[in-house]
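Read through the structure below, which is laid out as structure tokens, and then see the notes.
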Amino acid sequence: MQTARSSWLSALLLLGAVIGATVRAETPAKPELKVGFVPGPYIDEFKVGVAPELQNKGYRIRYVEFSTGLEANNAVFKGEIDANVMQHTIFLNSYNERQSTDLVGIVHVPTPPMGLYSKKHPPGTPIRPGSTIAVPNDPVNLQRALWILRDLGLVEIRDSKPVDVSELDVIKNPGGIKIVPLEAAQAPRALDDVDFAAIQGNFAIYSGLKLTNAFALERMTTPYINVVAVKKANADAAWAQDIVAGYKSQTFKTAIFSDRFYDGFTLPDYLK
């Protein structure tokens with residue numbers, strides 16, 4: 001009788017252990033993830049394709065929106081949020097260099113390219129001498145804008161480190177193009193006052209512009225595809241790798257390829 005009772009108790013304890021293990025598997029060590037975004041498409045990408053995967057693993061997600069990338073990076077560095085999605089590697093490295101921080105990218109995300117837009121001139125028409133063109137005033141994205149103008153044959157520029165680029169790097173400007181530096185987020189509003197504006201993809205889409213209506217798009221390379229950024233010490237944390245897995249999931253792939261909104265985005269290698 002005692003043996004039967006012991007066997008019954010052992011079975012009950014084993015069942016309890018299995019149930020406990022299952023509960024623990026569905027309750028991550030970091031139950032709430034705070035993820036930061038600036039205006040643009042990245043929060044929507046996350047909500048439709050990544051969040052379902054994370055929620056299935058037991059995470060709660062808190063979305064935190066910022067008006068500038070500097071604020072979003074500062075929040076990650078201070079530990080106010082866990083990660084942000086809004087910048088490419090060149091900008092991230094520049095931020096680290098200037099701020100003595102150690103943020104790293106853990107996965108690339110679909111990114112709309114920078115484009116040259118106009119409300120006054122339809123795509124395909126020549127850019128007239130003396131035209132005014134608004135460009136981002138931060139060196140890293142200014143370089144991208146100047147590359148667009150170079151590829152259109154409007155200017156020649158010298159090779160410079162992204163953090164050191166300025167309008168002085170334009171060494172030939174035969175058409176007398178007037179380059180107007182502006183805060184990147186203000187570029188869409190400037191379209192009423194300038195002939196053209198080089199606008200980062202996230203700000204273009206947020207303001208209602210379409211990639212298909214751009215006068216020209218940049219030839220985006222991998223360092224300019226946006227990343228999920230975290231503190232270096234957290235890069236290998238389980239929750240950070242779960243974010244990576246969310247982006248590389250079939251759920252995310254289906255969300256991106258089933259929505260024409262993402263046509264024209266530059267895609268990371270894992271989606272190709």
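Convention: chains lettered A, B, ... in structure tokens order; per-chain residue numbering from 1; ligands numbered from 1 as shown.
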Could you write out, as a PyMOL selection string, all the residues of stretch 157-247 of chain A that DSSP marks as strand (DSSP E or B)?
-> chain A and resi 157+170-172+178-182+196-199+216-217+226-231
Among stretch 106-251 of chain A, which ones does DSSP place in alpha helix (DSSP H), written as a ChimeraX atom specification?
-> /A:139-151,201-206,238-247,250-251
Do a neighbour search on A:Asn56 at 12 Å with only C-alpha atoms, toss out local chain neighbours closer than 3 positions, and write the hits as a list in words.
->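 So the residues in contact are Ala25, Glu26, Thr27, Pro28, Pro31, Val50, Ala51, Pro52, Glu53, Tyr59, Arg60, Ile61, Asp242, Gly246 and Thr251 of chain A.
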Now that the selection is made, can you save its residues with C-alpha atoms as an mmCIF file, in the first residue's frame?
```
data_model
loop_
_atom_site.group_PDB
_atom_site.id
_atom_site.type_symbol
_atom_site.label_atom_id
_atom_site.label_comp_id
_atom_site.auth_asym_id
_atom_site.auth_seq_id
_atom_site.Cartn_x
_atom_site.Cartn_y
_atom_site.Cartn_z
ATOM 1 C CA ALA A 25 8.584 28.651 -20.585
ATOM 2 C CA GLU A 26 5.632 30.955 -21.256
ATOM 3 C CA THR A 27 6.821 33.591 -18.764
ATOM 4 C CA PRO A 28 10.093 35.142 -20.010
ATOM 5 C CA PRO A 31 8.130 40.003 -19.309
ATOM 6 C CA VAL A 50 7.197 40.862 -34.804
ATOM 7 C CA ALA A 51 4.850 41.571 -31.901
ATOM 8 C CA PRO A 52 2.699 38.448 -32.487
ATOM 9 C CA GLU A 53 5.796 36.256 -32.232
ATOM 10 C CA TYR A 59 6.172 39.135 -23.639
ATOM 11 C CA ARG A 60 4.183 42.307 -23.094
ATOM 12 C CA ILE A 61 5.243 45.104 -25.416
ATOM 13 C CA ASP A 242 13.715 36.762 -29.433
ATOM 14 C CA GLY A 246 10.577 37.704 -34.578
ATOM 15 C CA THR A 251 4.890 35.753 -39.574
#
```
Do a neighbour search on A:Ile243 at 12 Å with only C-alpha atoms, toss out local chain neighbours closer than 2 positions, and write the hits as a ChimeraX atom specification.
-> /A:33-35,46-47,49-55,57,59,61,82-85,105-109,227-230,234-241,245-249,252
Quick one: residues within 9 Å of stretch 198-206 of chain A, only C-alpha atoms counted, chain neighbours fewer than 2 positions away excluded, as an mmCIF file with N, CA and C atoms, in the first residue's frame?
```cif
data_model
loop_
_atom_site.group_PDB
_atom_site.id
_atom_site.type_symbol
_atom_site.label_atom_id
_atom_site.label_comp_id
_atom_site.auth_asym_id
_atom_site.auth_seq_id
_atom_site.Cartn_x
_atom_site.Cartn_y
_atom_site.Cartn_z
ATOM 1 N N VAL A 38 10.713 56.354 -33.964
ATOM 2 C CA VAL A 38 10.475 57.734 -34.408
ATOM 3 C C VAL A 38 9.439 57.658 -35.525
ATOM 4 N N PRO A 39 8.896 58.790 -35.984
ATOM 5 C CA PRO A 39 7.893 58.734 -37.052
ATOM 6 C C PRO A 39 8.392 57.962 -38.271
ATOM 7 N N GLY A 40 7.557 57.089 -38.779
ATOM 8 C CA GLY A 40 7.947 56.276 -39.919
ATOM 9 C C GLY A 40 7.244 54.935 -39.887
ATOM 10 N N PRO A 41 7.658 54.013 -40.761
ATOM 11 C CA PRO A 41 6.943 52.744 -40.917
ATOM 12 C C PRO A 41 7.374 51.645 -39.961
ATOM 13 N N TYR A 42 8.395 51.886 -39.160
ATOM 14 C CA TYR A 42 8.997 50.779 -38.403
ATOM 15 C C TYR A 42 8.110 50.263 -37.278
ATOM 16 N N MET A 86 15.056 52.589 -35.802
ATOM 17 C CA MET A 86 14.881 53.856 -36.516
ATOM 18 C C MET A 86 16.141 54.347 -37.231
ATOM 19 N N THR A 111 13.625 48.731 -45.026
ATOM 20 C CA THR A 111 13.879 50.169 -44.915
ATOM 21 C C THR A 111 13.554 50.889 -46.221
ATOM 22 N N PRO A 112 12.744 51.932 -46.183
ATOM 23 C CA PRO A 112 12.519 52.720 -47.399
ATOM 24 C C PRO A 112 13.736 53.597 -47.686
ATOM 25 N N PRO A 113 14.194 53.659 -48.928
ATOM 26 C CA PRO A 113 15.368 54.456 -49.252
ATOM 27 C C PRO A 113 15.087 55.957 -49.208
ATOM 28 N N MET A 114 16.154 56.732 -49.060
ATOM 29 C CA MET A 114 16.037 58.185 -49.197
ATOM 30 C C MET A 114 15.683 58.498 -50.645
ATOM 31 N N GLY A 115 14.889 59.528 -50.836
ATOM 32 C CA GLY A 115 14.505 59.900 -52.193
ATOM 33 C C GLY A 115 14.497 61.406 -52.394
ATOM 34 N N LEU A 116 14.545 61.802 -53.639
ATOM 35 C CA LEU A 116 14.437 63.211 -54.012
ATOM 36 C C LEU A 116 13.000 63.455 -54.468
ATOM 37 N N TYR A 117 12.312 64.363 -53.770
ATOM 38 C CA TYR A 117 10.888 64.617 -54.028
ATOM 39 C C TYR A 117 10.668 66.082 -54.413
ATOM 40 N N ILE A 133 17.540 72.807 -53.427
ATOM 41 C CA ILE A 133 17.349 71.425 -52.987
ATOM 42 C C ILE A 133 17.632 71.342 -51.491
ATOM 43 N N ALA A 134 16.619 70.979 -50.723
ATOM 44 C CA ALA A 134 16.795 70.789 -49.281
ATOM 45 C C ALA A 134 17.439 69.429 -49.027
ATOM 46 N N VAL A 135 18.368 69.411 -48.081
ATOM 47 C CA VAL A 135 19.077 68.172 -47.732
ATOM 48 C C VAL A 135 19.151 68.065 -46.211
ATOM 49 N N PRO A 136 19.333 66.855 -45.669
ATOM 50 C CA PRO A 136 19.482 66.726 -44.210
ATOM 51 C C PRO A 136 20.720 67.466 -43.725
ATOM 52 N N ASN A 141 23.542 61.697 -43.120
ATOM 53 C CA ASN A 141 22.469 61.682 -44.105
ATOM 54 C C ASN A 141 22.650 62.739 -45.182
ATOM 55 N N LEU A 142 23.414 63.784 -44.885
ATOM 56 C CA LEU A 142 23.790 64.736 -45.923
ATOM 57 C C LEU A 142 24.598 64.025 -47.007
ATOM 58 N N ARG A 144 24.391 60.953 -47.944
ATOM 59 C CA ARG A 144 23.469 60.164 -48.765
ATOM 60 C C ARG A 144 22.754 61.061 -49.783
ATOM 61 N N ALA A 145 22.339 62.240 -49.344
ATOM 62 C CA ALA A 145 21.651 63.166 -50.248
ATOM 63 C C ALA A 145 22.582 63.630 -51.364
ATOM 64 N N LEU A 146 23.825 63.921 -51.005
ATOM 65 C CA LEU A 146 24.784 64.364 -52.014
ATOM 66 C C LEU A 146 25.083 63.250 -53.014
ATOM 67 N N ILE A 148 22.875 61.135 -54.074
ATOM 68 C CA ILE A 148 21.760 61.164 -55.024
ATOM 69 C C ILE A 148 21.995 62.241 -56.071
ATOM 70 N N ALA A 184 16.315 66.875 -40.682
ATOM 71 C CA ALA A 184 15.766 65.844 -41.571
ATOM 72 C C ALA A 184 14.250 65.732 -41.477
ATOM 73 N N ALA A 185 13.706 65.822 -40.277
ATOM 74 C CA ALA A 185 12.266 65.656 -40.102
ATOM 75 C C ALA A 185 11.473 66.810 -40.717
ATOM 76 N N GLN A 186 12.142 67.942 -40.969
ATOM 77 C CA GLN A 186 11.453 69.102 -41.521
ATOM 78 C C GLN A 186 11.402 69.091 -43.053
ATOM 79 N N ALA A 187 12.138 68.186 -43.665
ATOM 80 C CA ALA A 187 12.255 68.199 -45.125
ATOM 81 C C ALA A 187 10.911 68.074 -45.846
ATOM 82 N N PRO A 188 9.996 67.197 -45.427
ATOM 83 C CA PRO A 188 8.713 67.130 -46.152
ATOM 84 C C PRO A 188 7.953 68.454 -46.151
ATOM 85 N N PHE A 196 13.186 70.956 -54.722
ATOM 86 C CA PHE A 196 13.299 69.541 -54.408
ATOM 87 C C PHE A 196 13.754 69.388 -52.958
ATOM 88 N N GLY A 208 3.211 60.992 -45.952
ATOM 89 C CA GLY A 208 2.274 60.661 -47.013
ATOM 90 C C GLY A 208 2.869 60.590 -48.408
ATOM 91 N N LEU A 209 4.176 60.751 -48.538
ATOM 92 C CA LEU A 209 4.819 60.631 -49.846
ATOM 93 C C LEU A 209 4.981 59.160 -50.217
ATOM 94 N N LYS A 210 4.995 58.868 -51.507
ATOM 95 C CA LYS A 210 5.144 57.501 -51.977
ATOM 96 C C LYS A 210 6.481 57.330 -52.678
ATOM 97 N N LEU A 211 7.128 56.200 -52.396
ATOM 98 C CA LEU A 211 8.419 55.930 -53.027
ATOM 99 C C LEU A 211 8.298 55.960 -54.540
ATOM 100 N N PHE A 265 10.752 49.100 -50.693
ATOM 101 C CA PHE A 265 11.631 49.053 -49.527
ATOM 102 C C PHE A 265 12.870 48.216 -49.852
#
```
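The interatomic distance for the pair atom CA of A:Ala255 and atom CA of A:Ser67 works out to 25.9 Å.
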So how far away is atom CA of A:Asn137 from atom CA of A:Val194, in Å?
->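 Computed distance, atom CA of A:Val194 to atom CA of A:Asn137, equals 15.3 Å.
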Go through A:Asp138, A:Glu167, A:Glu65, A:Glu45 one by one, measure the shortest atom-to-atom distance of each to A:Tyr95 using only C-alpha atoms, and give the residue with the smallest value.
->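 Under the stated criterion, the closest residue is A:Asp138.
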Out of A:Asp44, A:Asp169, A:Phe66, A:Glu80, which residue has the shortest atom-to-atom distance to A:Asp259 when counting only C-alpha atoms?
-> A:Asp44
Min atom-atom distance to A:Lys232 from the set A:Asn96, A:Asn213, A:Gln87, A:Gln143, counting only C-alpha atoms, belongs to A:Asn96
Report the distance between atom CA of A:Thr132 and atom CA of A:Asp195 in Å, rounded to one decimal place.
-> 5.2 Å
